$ cat final-v4.json   # JSON, C-alpha atoms and all ligand atoms
[["chain", "number", "residue", "atom", "x", "y", "z"],
["O", 12, "MET", "CA", 8.21, 51.60, 61.94],
["O", 13, "ALA", "CA", 11.25, 51.73, 59.68],
["O", 14, "GLU", "CA", 13.80, 51.53, 62.55],
["O", 15, "ALA", "CA", 12.28, 48.28, 63.82],
["O", 16, "LEU", "CA", 12.97, 46.61, 60.47],
["O", 17, "SER", "CA", 15.83, 44.18, 60.20],
["O", 18, "ALA", "CA", 15.60, 43.91, 56.43],
["O", 19, "GLU", "CA", 13.56, 45.53, 53.72],
["O", 20, "VAL", "CA", 13.14, 44.62, 50.09],
["O", 21, "ARG", "CA", 11.31, 47.05, 47.81],
["O", 22, "ASP", "CA", 10.04, 46.46, 44.27],
["O", 23, "LEU", "CA", 12.74, 43.88, 43.74],
["O", 24, "SER", "CA", 13.19, 42.28, 40.34],
["O", 25, "LEU", "CA", 15.93, 39.92, 39.31],
["O", 26, "VAL", "CA", 16.51, 38.73, 35.78],
["O", 27, "TYR", "CA", 19.06, 36.04, 35.00],
["O", 28, "ARG", "CA", 20.51, 36.98, 31.62],
["O", 29, "GLY", "CA", 21.01, 33.94, 29.45],
["O", 30, "ARG", "CA", 22.08, 33.38, 25.87],
["O", 31, "GLY", "CA", 18.98, 34.36, 23.93],
["O", 32, "ARG", "CA", 16.75, 33.71, 26.91],
["O", 33, "ASP", "CA", 16.30, 35.74, 30.07],
["O", 34, "VAL", "CA", 14.69, 34.25, 33.19],
["O", 35, "ILE", "CA", 12.69, 36.66, 35.32],
["O", 36, "ALA", "CA", 13.33, 34.99, 38.67],
["O", 37, "LEU", "CA", 11.74, 37.72, 40.82],
["O", 38, "SER", "CA", 9.30, 40.46, 39.89],
["O", 39, "GLU", "CA", 8.23, 43.37, 42.08],
["O", 40, "VAL", "CA", 8.83, 41.63, 45.37],
["O", 41, "SER", "CA", 8.42, 43.83, 48.46],
["O", 42, "LEU", "CA", 8.88, 42.54, 51.97],
["O", 43, "GLY", "CA", 9.84, 43.91, 55.37],
["O", 44, "ILE", "CA", 11.35, 41.69, 58.04],
["O", 45, "ALA", "CA", 11.03, 42.94, 61.61],
["O", 46, "GLN", "CA", 13.86, 42.79, 64.12],
["O", 47, "GLY", "CA", 13.95, 39.27, 65.56],
["O", 48, "GLU", "CA", 11.27, 37.99, 63.21],
["O", 49, "PHE", "CA", 11.30, 34.44, 61.79],
["O", 50, "VAL", "CA", 10.11, 34.46, 58.19],
["O", 51, "SER", "CA", 9.84, 31.41, 55.93],
["O", 52, "LEU", "CA", 9.80, 31.48, 52.13],
["O", 53, "ILE", "CA", 7.84, 28.68, 50.54],
["O", 54, "GLY", "CA", 6.65, 27.95, 47.02],
["O", 55, "PRO", "CA", 7.02, 25.60, 44.06],
["O", 56, "SER", "CA", 10.44, 24.72, 42.73],
["O", 57, "GLY", "CA", 11.84, 27.57, 40.66],
["O", 58, "CYS", "CA", 9.69, 30.34, 42.20],
["O", 59, "GLY", "CA", 12.75, 32.31, 43.25],
["O", 60, "LYS", "CA", 13.11, 31.49, 46.95],
["O", 61, "SER", "CA", 16.87, 30.90, 46.79],
["O", 62, "THR", "CA", 17.25, 33.90, 44.51],
["O", 63, "LEU", "CA", 15.54, 36.16, 47.07],
["O", 64, "LEU", "CA", 17.72, 34.75, 49.85],
["O", 65, "ARG", "CA", 20.85, 35.32, 47.77],
["O", 66, "VAL", "CA", 19.87, 38.90, 47.07],
["O", 67, "LEU", "CA", 19.39, 39.47, 50.81],
["O", 68, "GLY", "CA", 22.82, 37.96, 51.42],
["O", 69, "ASP", "CA", 24.53, 39.97, 48.66],
["O", 70, "LEU", "CA", 25.36, 36.86, 46.67],
["O", 71, "LEU", "CA", 23.31, 38.33, 43.80],
["O", 72, "THR", "CA", 22.69, 41.93, 42.75],
["O", 73, "PRO", "CA", 19.09, 42.88, 41.96],
["O", 74, "THR", "CA", 18.18, 44.00, 38.46],
["O", 75, "GLN", "CA", 15.76, 46.53, 39.94],
["O", 76, "GLY", "CA", 14.59, 47.64, 43.34],
["O", 77, "THR", "CA", 16.30, 48.18, 46.67],
["O", 78, "VAL", "CA", 17.38, 46.01, 49.57],
["O", 79, "SER", "CA", 18.45, 47.28, 52.96],
["O", 80, "ILE", "CA", 19.54, 45.41, 56.05],
["O", 81, "LYS", "CA", 19.54, 47.39, 59.25],
["O", 82, "GLY", "CA", 19.42, 50.46, 57.03],
["O", 83, "ARG", "CA", 22.59, 49.48, 55.16],
["O", 84, "THR", "CA", 23.32, 47.80, 51.85],
["O", 85, "PRO", "CA", 23.63, 44.00, 51.81],
["O", 86, "ARG", "CA", 27.21, 44.52, 50.56],
["O", 87, "ALA", "CA", 28.20, 46.55, 53.62],
["O", 88, "GLU", "CA", 26.51, 44.03, 55.91],
["O", 89, "ARG", "CA", 28.17, 41.05, 54.22],
["O", 90, "LEU", "CA", 31.62, 42.60, 54.25],
["O", 91, "ASP", "CA", 31.21, 43.28, 57.99],
["O", 92, "ARG", "CA", 30.08, 39.64, 58.39],
["O", 93, "ARG", "CA", 26.70, 40.76, 59.70],
["O", 94, "ILE", "CA", 24.87, 38.16, 57.59],
["O", 95, "GLY", "CA", 24.96, 34.43, 58.40],
["O", 96, "PHE", "CA", 24.30, 31.91, 55.61],
["O", 97, "VAL", "CA", 23.54, 28.18, 55.94],
["O", 98, "PHE", "CA", 22.98, 26.01, 52.86],
["O", 99, "GLN", "CA", 21.58, 22.50, 52.44],
["O", 100, "GLU", "CA", 25.09, 21.05, 52.46],
["O", 101, "ALA", "CA", 27.19, 22.38, 55.32],
["O", 102, "ALA", "CA", 30.31, 23.72, 53.60],
["O", 103, "LEU", "CA", 32.74, 22.94, 56.42],
["O", 104, "LEU", "CA", 36.49, 23.00, 55.85],
["O", 105, "GLU", "CA", 37.52, 19.38, 56.21],
["O", 106, "TRP", "CA", 41.06, 20.21, 57.39],
["O", 107, "ARG", "CA", 39.87, 22.32, 60.32],
["O", 108, "SER", "CA", 38.40, 21.03, 63.57],
["O", 109, "VAL", "CA", 34.78, 21.79, 64.46],
["O", 110, "LEU", "CA", 35.96, 24.53, 66.80],
["O", 111, "ASP", "CA", 38.22, 26.09, 64.17],
["O", 112, "ASN", "CA", 35.45, 25.94, 61.56],
["O", 113, "ILE", "CA", 33.08, 27.80, 63.86],
["O", 114, "ALA", "CA", 35.75, 30.33, 64.78],
["O", 115, "LEU", "CA", 36.75, 30.99, 61.14],
["O", 116, "PRO", "CA", 34.57, 34.07, 60.49],
["O", 117, "LEU", "CA", 35.92, 35.63, 63.69],
["O", 118, "GLU", "CA", 39.47, 34.82, 62.60],
["O", 119, "LEU", "CA", 38.81, 36.53, 59.27],
["O", 120, "ARG", "CA", 37.48, 39.52, 61.17],
["O", 121, "GLY", "CA", 40.73, 39.69, 63.15],
["O", 122, "ALA", "CA", 39.48, 38.58, 66.58],
["O", 123, "SER", "CA", 42.11, 37.35, 69.03],
["O", 124, "ARG", "CA", 42.54, 33.59, 69.48],
["O", 125, "ARG", "CA", 41.21, 33.84, 73.01],
["O", 126, "ASP", "CA", 38.06, 35.74, 72.02],
["O", 127, "ARG", "CA", 37.24, 33.53, 69.09],
["O", 128, "GLU", "CA", 37.76, 30.32, 71.04],
["O", 129, "ALA", "CA", 35.55, 31.55, 73.87],
["O", 130, "ARG", "CA", 32.81, 32.53, 71.43],
["O", 131, "ALA", "CA", 33.13, 29.27, 69.45],
["O", 132, "ARG", "CA", 32.88, 27.22, 72.65],
["O", 133, "ALA", "CA", 29.73, 29.09, 73.71],
["O", 134, "LEU", "CA", 28.20, 28.44, 70.28],
["O", 135, "ILE", "CA", 29.18, 24.78, 70.37],
["O", 136, "GLU", "CA", 27.21, 24.52, 73.59],
["O", 137, "LEU", "CA", 24.30, 26.48, 72.10],
["O", 138, "VAL", "CA", 23.96, 24.10, 69.15],
["O", 139, "GLY", "CA", 24.51, 20.95, 71.23],
["O", 140, "LEU", "CA", 27.95, 19.89, 69.94],
["O", 141, "THR", "CA", 29.76, 19.87, 73.29],
["O", 142, "GLY", "CA", 32.46, 17.19, 73.25],
["O", 143, "PHE", "CA", 33.04, 17.56, 69.49],
["O", 144, "GLU", "CA", 35.26, 20.66, 69.60],
["O", 145, "ALA", "CA", 38.32, 18.79, 68.31],
["O", 146, "ALA", "CA", 36.46, 16.48, 65.90],
["O", 147, "TRP", "CA", 37.00, 16.69, 62.13],
["O", 148, "PRO", "CA", 33.96, 17.47, 59.99],
["O", 149, "ARG", "CA", 34.11, 13.99, 58.41],
["O", 150, "GLN", "CA", 33.50, 12.51, 61.85],
["O", 151, "LEU", "CA", 30.12, 14.26, 62.14],
["O", 152, "SER", "CA", 26.68, 13.05, 61.06],
["O", 153, "GLY", "CA", 24.65, 15.16, 58.63],
["O", 154, "GLY", "CA", 22.66, 16.73, 61.46],
["O", 155, "MET", "CA", 25.81, 17.52, 63.41],
["O", 156, "ARG", "CA", 27.38, 19.15, 60.36],
["O", 157, "GLN", "CA", 24.34, 21.41, 60.06],
["O", 158, "ARG", "CA", 24.60, 22.28, 63.76],
["O", 159, "ALA", "CA", 28.22, 23.28, 63.17],
["O", 160, "ALA", "CA", 27.23, 25.31, 60.11],
["O", 161, "ILE", "CA", 24.57, 27.15, 62.12],
["O", 162, "ALA", "CA", 27.08, 27.85, 64.91],
["O", 163, "ARG", "CA", 29.56, 29.21, 62.37],
["O", 164, "ALA", "CA", 26.88, 31.41, 60.80],
["O", 165, "LEU", "CA", 26.08, 32.83, 64.25],
["O", 166, "SER", "CA", 29.70, 33.38, 65.27],
["O", 167, "THR", "CA", 29.83, 37.05, 64.24],
["O", 168, "GLU", "CA", 26.45, 37.81, 65.87],
["O", 169, "PRO", "CA", 24.77, 38.52, 62.53],
["O", 170, "ASP", "CA", 21.82, 40.86, 62.04],
["O", 171, "LEU", "CA", 20.25, 38.33, 59.74],
["O", 172, "LEU", "CA", 20.46, 34.54, 59.50],
["O", 173, "LEU", "CA", 19.68, 33.19, 56.03],
["O", 174, "LEU", "CA", 18.90, 29.47, 55.81],
["O", 175, "ASP", "CA", 18.46, 27.76, 52.42],
["O", 176, "GLU", "CA", 16.77, 24.36, 52.95],
["O", 177, "PRO", "CA", 19.22, 23.61, 55.79],
["O", 178, "PHE", "CA", 17.46, 20.40, 56.82],
["O", 179, "GLY", "CA", 16.39, 19.18, 53.38],
["O", 180, "ALA", "CA", 18.91, 16.32, 53.29],
["O", 181, "LEU", "CA", 18.21, 15.01, 56.80],
["O", 182, "ASP", "CA", 15.96, 12.16, 57.93],
["O", 183, "GLN", "CA", 12.67, 13.15, 59.55],
["O", 184, "ILE", "CA", 13.66, 12.49, 63.17],
["O", 185, "THR", "CA", 16.90, 14.48, 62.84],
["O", 186, "ARG", "CA", 14.99, 17.19, 61.03],
["O", 187, "ASP", "CA", 12.40, 17.42, 63.84],
["O", 188, "ARG", "CA", 15.18, 17.66, 66.37],
["O", 189, "LEU", "CA", 17.02, 20.37, 64.47],
["O", 190, "ASN", "CA", 13.77, 22.28, 63.96],
["O", 191, "MET", "CA", 13.44, 22.48, 67.72],
["O", 192, "GLU", "CA", 17.10, 23.45, 68.10],
["O", 193, "LEU", "CA", 16.58, 26.23, 65.57],
["O", 194, "ALA", "CA", 13.45, 27.45, 67.41],
["O", 195, "ARG", "CA", 15.44, 27.58, 70.64],
["O", 196, "ILE", "CA", 18.43, 29.31, 69.03],
["O", 197, "HIS", "CA", 16.11, 31.91, 67.53],
["O", 198, "GLU", "CA", 14.48, 32.41, 70.93],
["O", 199, "VAL", "CA", 17.80, 32.75, 72.78],
["O", 200, "THR", "CA", 19.69, 34.93, 70.28],
["O", 201, "GLY", "CA", 16.81, 37.07, 68.98],
["O", 202, "VAL", "CA", 18.39, 36.96, 65.51],
["O", 203, "SER", "CA", 16.14, 37.69, 62.51],
["O", 204, "VAL", "CA", 15.78, 34.57, 60.37],
["O", 205, "VAL", "CA", 14.76, 33.96, 56.78],
["O", 206, "LEU", "CA", 14.28, 30.25, 56.05],
["O", 207, "VAL", "CA", 13.73, 28.73, 52.61],
["O", 208, "THR", "CA", 11.87, 25.45, 52.91],
["O", 209, "HIS", "CA", 9.76, 23.07, 50.82],
["O", 210, "SER", "CA", 7.89, 21.94, 53.93],
["O", 211, "ILE", "CA", 4.79, 23.90, 54.89],
["O", 212, "ARG", "CA", 4.78, 21.95, 58.18],
["O", 213, "GLU", "CA", 8.30, 23.12, 59.00],
["O", 214, "ALA", "CA", 7.37, 26.69, 58.03],
["O", 215, "VAL", "CA", 4.26, 26.70, 60.25],
["O", 216, "LEU", "CA", 6.14, 25.14, 63.16],
["O", 217, "LEU", "CA", 8.89, 27.77, 63.18],
["O", 218, "SER", "CA", 7.73, 31.04, 61.67],
["O", 219, "ASP", "CA", 6.12, 34.32, 62.62],
["O", 220, "ARG", "CA", 5.15, 34.82, 58.98],
["O", 221, "ILE", "CA", 5.11, 32.55, 55.96],
["O", 222, "VAL", "CA", 5.70, 34.07, 52.53],
["O", 223, "VAL", "CA", 4.09, 31.97, 49.81],
["O", 224, "MET", "CA", 5.62, 32.60, 46.38],
["O", 225, "THR", "CA", 4.45, 31.84, 42.85],
["O", 226, "PRO", "CA", 6.73, 31.04, 39.91],
["O", 227, "ARG", "CA", 7.29, 32.72, 36.55],
["O", 228, "PRO", "CA", 7.93, 35.35, 37.41],
["O", 229, "GLY", "CA", 8.54, 34.84, 41.13],
["O", 230, "ARG", "CA", 6.13, 36.99, 43.11],
["O", 231, "ILE", "CA", 4.65, 36.98, 46.57],
["O", 232, "GLU", "CA", 1.27, 35.23, 46.35],
["O", 233, "ARG", "CA", 0.31, 35.72, 49.97],
["O", 234, "ILE", "CA", 1.81, 36.29, 53.41],
["O", 235, "LEU", "CA", 0.34, 34.20, 56.22],
["O", 236, "ASP", "CA", 0.65, 35.28, 59.84],
["O", 237, "ASP", "CA", 1.62, 32.48, 62.20],
["O", 238, "PRO", "CA", 0.50, 33.48, 65.69],
["O", 239, "LEU", "CA", 1.00, 30.05, 67.30],
["O", 240, "PRO", "CA", 2.19, 30.45, 70.91],
["O", 241, "ARG", "CA", 5.91, 30.59, 71.70],
["O", 242, "PRO", "CA", 8.11, 28.91, 72.71],
["O", 243, "ARG", "CA", 7.37, 26.37, 69.99],
["O", 244, "SER", "CA", 7.81, 22.67, 70.65],
["O", 245, "LEU", "CA", 7.01, 19.48, 68.77],
["O", 246, "GLY", "CA", 3.77, 19.57, 70.81],
["O", 247, "THR", "CA", 2.85, 22.73, 68.86],
["O", 248, "ARG", "CA", 1.99, 20.35, 66.02],
["O", 249, "LEU", "CA", -0.85, 18.93, 68.10],
["O", 250, "LEU", "CA", -2.67, 22.28, 68.27],
["O", 251, "PRO", "CA", -5.76, 22.58, 66.02],
["O", 252, "ALA", "CA", -4.50, 26.05, 64.99],
["O", 253, "TYR", "CA", -1.31, 24.40, 63.67],
["O", 254, "GLU", "CA", -3.30, 22.12, 61.35],
["O", 255, "ASP", "CA", -5.49, 25.07, 60.27],
["O", 256, "LEU", "CA", -2.38, 26.99, 59.23],
["O", 257, "VAL", "CA", -0.89, 23.99, 57.43],
["O", 258, "ARG", "CA", -4.16, 23.67, 55.47],
["O", 259, "ALA", "CA", -4.26, 27.40, 54.68],
["O", 260, "GLY", "CA", -0.64, 27.29, 53.52],
["O", 261, "SER", "CA", -1.21, 24.19, 51.41],
["O", 262, "ARG", "CA", -4.17, 25.86, 49.68],
["O", 263, "GLU", "CA", -2.02, 28.87, 48.79],
["O", 264, "LEU", "CA", 0.74, 26.58, 47.56],
["O", 265, "GLU", "CA", -1.68, 24.69, 45.32],
["O", 266, "LYS", "CA", -2.62, 27.96, 43.64],
["O", 267, "GLY", "CA", 1.06, 28.46, 42.83],
["O", 268, "TYR", "CA", 1.47, 24.93, 41.49],
["O", 269, "ALA", "CA", -1.51, 25.48, 39.19],
["O", 270, "ASN", "CA", 0.68, 28.00, 37.33],
["O", 271, "VAL", "CA", 3.69, 25.70, 36.95],
["P", 1, "LIG", "N1", 22.25, 31.09, 37.60],
["P", 1, "LIG", "C1", 21.07, 31.04, 36.98],
["P", 1, "LIG", "N2", 20.96, 31.32, 35.65],
["P", 1, "LIG", "C2", 19.78, 31.28, 35.02],
["P", 1, "LIG", "N3", 18.60, 30.98, 35.62],
["P", 1, "LIG", "C3", 18.66, 30.68, 36.93],
["P", 1, "LIG", "C4", 19.88, 30.70, 37.68],
["P", 1, "LIG", "N4", 19.60, 30.36, 38.96],
["P", 1, "LIG", "C5", 18.28, 30.15, 39.02],
["P", 1, "LIG", "N5", 17.70, 30.35, 37.80],
["P", 1, "LIG", "C6", 16.27, 30.25, 37.48],
["P", 1, "LIG", "O1", 15.59, 31.22, 38.24],
["P", 1, "LIG", "C7", 14.37, 30.71, 38.74],
["P", 1, "LIG", "C8", 14.36, 30.79, 40.26],
["P", 1, "LIG", "O2", 15.35, 29.91, 40.81],
["P", 1, "LIG", "P1", 15.56, 29.69, 42.37],
["P", 1, "LIG", "O3", 16.67, 28.73, 42.52],
["P", 1, "LIG", "O4", 15.63, 30.99, 43.04],
["P", 1, "LIG", "O5", 14.16, 29.01, 42.75],
["P", 1, "LIG", "P2", 13.77, 28.21, 44.06],
["P", 1, "LIG", "O6", 12.37, 28.61, 44.39],
["P", 1, "LIG", "O7", 14.79, 28.41, 45.13],
["P", 1, "LIG", "O8", 13.80, 26.71, 43.55],
["P", 1, "LIG", "P3", 14.01, 25.33, 44.33],
["P", 1, "LIG", "O9", 12.87, 25.24, 45.27],
["P", 1, "LIG", "O10", 13.95, 24.30, 43.25],
["P", 1, "LIG", "O11", 15.35, 25.40, 45.01],
["P", 1, "LIG", "C9", 14.26, 29.29, 38.19],
["P", 1, "LIG", "O12", 13.46, 29.34, 37.04],
["P", 1, "LIG", "C10", 15.69, 28.93, 37.87],
["P", 1, "LIG", "O13", 15.74, 28.01, 36.82]]
$ encode --input "final-v4.json" --output "structure tokens" --more "lines below"
Ligand SMILES: Nc1ncnc2c1ncn2[C@@H]1O[C@H](COP(=O)(O)OP(=O)(O)OP(=O)(O)O)[C@@H](O)[C@H]1O
Amino acid sequence: MAEALSAEVRDLSLVYRGRGRDVIALSEVSLGIAQGEFVSLIGPSGCGKSTLLRVLGDLLTPTQGTVSIKGRTPRAERLDRRIGFVFQEAALLEWRSVLDNIALPLELRGASRRDREARARALIELVGLTGFEAAWPRQLSGGMRQRAAIARALSTEPDLLLLDEPFGALDQITRDRLNMELARIHEVTGVSVVLVTHSIREAVLLSDRIVVMTPRPGRIERILDDPLPRPRSLGTRLLPAYEDLVRAGSRELEKGYANV
């Protein structure tokens, strides 16, 4: 049903125009993301995962096709701060405290100091940074910076949370921990999530559906359903169905790599 969709991409193509050489980054990509769904994008380097995420977030304009988020254009959603973005490196403002970083989008939206502080404090608790409200970003570990970035992305209660390899630079133990935090945040907030990841294990652990992409031009190779029981935990990885999905995803990925 169209009204239950959080985001919809139809016949999307994106060509990067270069001097004498164009790169077709995405070709005829169609995808619907249901309200509250967790979708991962996975595929070989250069298959267009980040490009697709950037189109959803209105950081790039498609060459062809349409994108709608909650029935509106990505531009309208972005300008209303209804889209949260988290990148691999948390782009925190070093001269603002953790609390003021998280409250920034609300400040830009014109919220009162009282409202934005209350919301920022609730988010700090949600992401497990209690006690670090007044800390400077440089005082945080990599994992803590990503927690702050996620809190900031959630501050305006976005319709869509876009995550581009948010845990790619973290060690495995921190990554596992943040995976579980993200699963819990998704559960509690009900926000729709699109996650770009290179890890099929991370995708299987967190997602409702996994979109496997192929490069040159970037297309959807296959969409895998991930019906593992919720809430997810690190124990989910012990389920035979988890390993089955990891294997199925790896097979699809290998097909994509064969074309690289
Ligand atoms: N600004 C740009 N100008 C020209 N080509 C670009 C630009 N950005 C990306 N590309 C090309 O578009 C294709 C898709 O890039 P994109 O970054 O979306 O892939 P990706 O799947 O996210 O890759 P990775 O996993 O390595 O991050 C690649 O071939 C890339 O070289």
$ residues_near_point --input "final-v4.json" --point "(36.8, 13.7, 60.8)" --cutoff "10 Å" --atoms "only C-alpha atoms" --output "PyMOL selection string"
chain O and resi 105-109+145-151
$ residues_near_ligand --input "final-v4.json" --ligand "ligand LIG 1 (chain P)" --cutoff "7 Å" --atoms "all atoms listed in the file" --output "list in words"
Tyr27, Arg28, Gly29, Val34, Ile35, Ala36, Gly54, Pro55, Ser56, Gly57, Cys58, Gly59, Lys60, Ser61, Thr62, Leu63 and His209 of chain O
$ residues_around --input "final-v4.json" --residues "Met155 in chain O" --least-positions-apart "4" --cutoff "9 Å" --atoms "all atoms listed in the file" --output "number ranges by chain"
O: 138-140, 148, 151, 159-160
$ closest_residue --input "final-v4.json" --among "O:Ile231, O:Leu189, O:Leu37, O:Ala133" --to "Ser24 in chain O" --atoms "all atoms listed in the file"
O:Leu37
$ closest_residue --input "final-v4.json" --among "O:Gly82, O:Gly31, O:Gly142, O:Pro169" --to "Ile94 in chain O" --atoms "only C-alpha atoms"
O:Pro169
$ closest_residue --input "final-v4.json" --among "O:Ala164, O:Leu117, O:Val204, O:Gly154" --to "Asp182 in chain O" --atoms "all atoms listed in the file"
O:Gly154
$ atom_distance --input "final-v4.json" --atom1 "CA of Ala252 in chain O" --atom2 "CA of Ile221 in chain O"
14.7 Å
$ residues_around --input "final-v4.json" --residues "Pro73 in chain O" --least-positions-apart "6" --cutoff "7 Å" --atoms "only C-alpha atoms" --output "ChimeraX atom specification"
/O:23-25,66
$ residues_near_point --input "final-v4.json" --point "(6.1, 40.3, 64.0)" --cutoff "12 Å" --atoms "all atoms listed in the file" --output "PyMOL selection string"
chain O and resi 12+15-17+43-50+203-204+218-221+235-239
$ atom_distance --input "final-v4.json" --atom1 "CA of Glu144 in chain O" --atom2 "CA of Glu128 in chain O"
10.1 Å
$ closest_residue --input "final-v4.json" --among "O:Ala102, O:Leu71, O:Val207, O:Val215" --to "Gly179 in chain O" --atoms "all atoms listed in the file"
O:Val207
$ decode --input "final-v4.json" --residues "range 124-143 of chain O" --atoms "N, CA and C atoms" --output "compact mmCIF listing (two decimals), in the first residue's frame"
# COMPACT_ATOMS: atom_id res chain seq x y z
N ARG O 124 15.36 27.03 23.62
CA ARG O 124 16.47 26.40 24.32
C ARG O 124 15.98 25.26 25.22
N ARG O 125 14.87 25.52 25.90
CA ARG O 125 14.34 24.53 26.83
C ARG O 125 13.94 23.24 26.10
N ASP O 126 13.23 23.40 25.00
CA ASP O 126 12.77 22.23 24.24
C ASP O 126 13.94 21.44 23.67
N ARG O 127 14.91 22.18 23.13
CA ARG O 127 15.99 21.44 22.47
C ARG O 127 16.90 20.77 23.50
N GLU O 128 17.05 21.38 24.66
CA GLU O 128 17.87 20.73 25.69
C GLU O 128 17.18 19.48 26.21
N ALA O 129 15.87 19.57 26.41
CA ALA O 129 15.12 18.41 26.91
C ALA O 129 15.22 17.26 25.92
N ARG O 130 15.05 17.59 24.65
CA ARG O 130 15.10 16.55 23.61
C ARG O 130 16.53 15.97 23.51
N ALA O 131 17.54 16.85 23.55
CA ALA O 131 18.92 16.38 23.45
C ALA O 131 19.27 15.48 24.63
N ARG O 132 18.79 15.84 25.82
CA ARG O 132 19.08 15.00 27.00
C ARG O 132 18.44 13.63 26.87
N ALA O 133 17.20 13.59 26.35
CA ALA O 133 16.52 12.30 26.16
C ALA O 133 17.30 11.44 25.15
N LEU O 134 17.81 12.09 24.11
CA LEU O 134 18.56 11.34 23.08
C LEU O 134 19.90 10.87 23.61
N ILE O 135 20.52 11.69 24.46
CA ILE O 135 21.80 11.30 25.05
C ILE O 135 21.60 10.03 25.88
N GLU O 136 20.48 9.96 26.56
CA GLU O 136 20.18 8.75 27.33
C GLU O 136 19.92 7.58 26.38
N LEU O 137 19.16 7.85 25.31
CA LEU O 137 18.82 6.79 24.35
C LEU O 137 20.07 6.15 23.76
N VAL O 138 21.07 6.97 23.45
CA VAL O 138 22.27 6.42 22.79
C VAL O 138 23.37 6.05 23.80
N GLY O 139 23.08 6.18 25.10
CA GLY O 139 24.04 5.73 26.11
C GLY O 139 25.20 6.67 26.34
N LEU O 140 24.96 7.99 26.23
CA LEU O 140 26.05 8.95 26.47
C LEU O 140 25.82 9.77 27.75
N THR O 141 24.95 9.28 28.62
CA THR O 141 24.66 10.02 29.85
C THR O 141 25.97 10.29 30.61
N GLY O 142 26.13 11.51 31.09
CA GLY O 142 27.36 11.89 31.78
C GLY O 142 28.32 12.64 30.87
N PHE O 143 28.06 12.61 29.55
CA PHE O 143 28.97 13.26 28.60
C PHE O 143 28.33 14.49 27.95
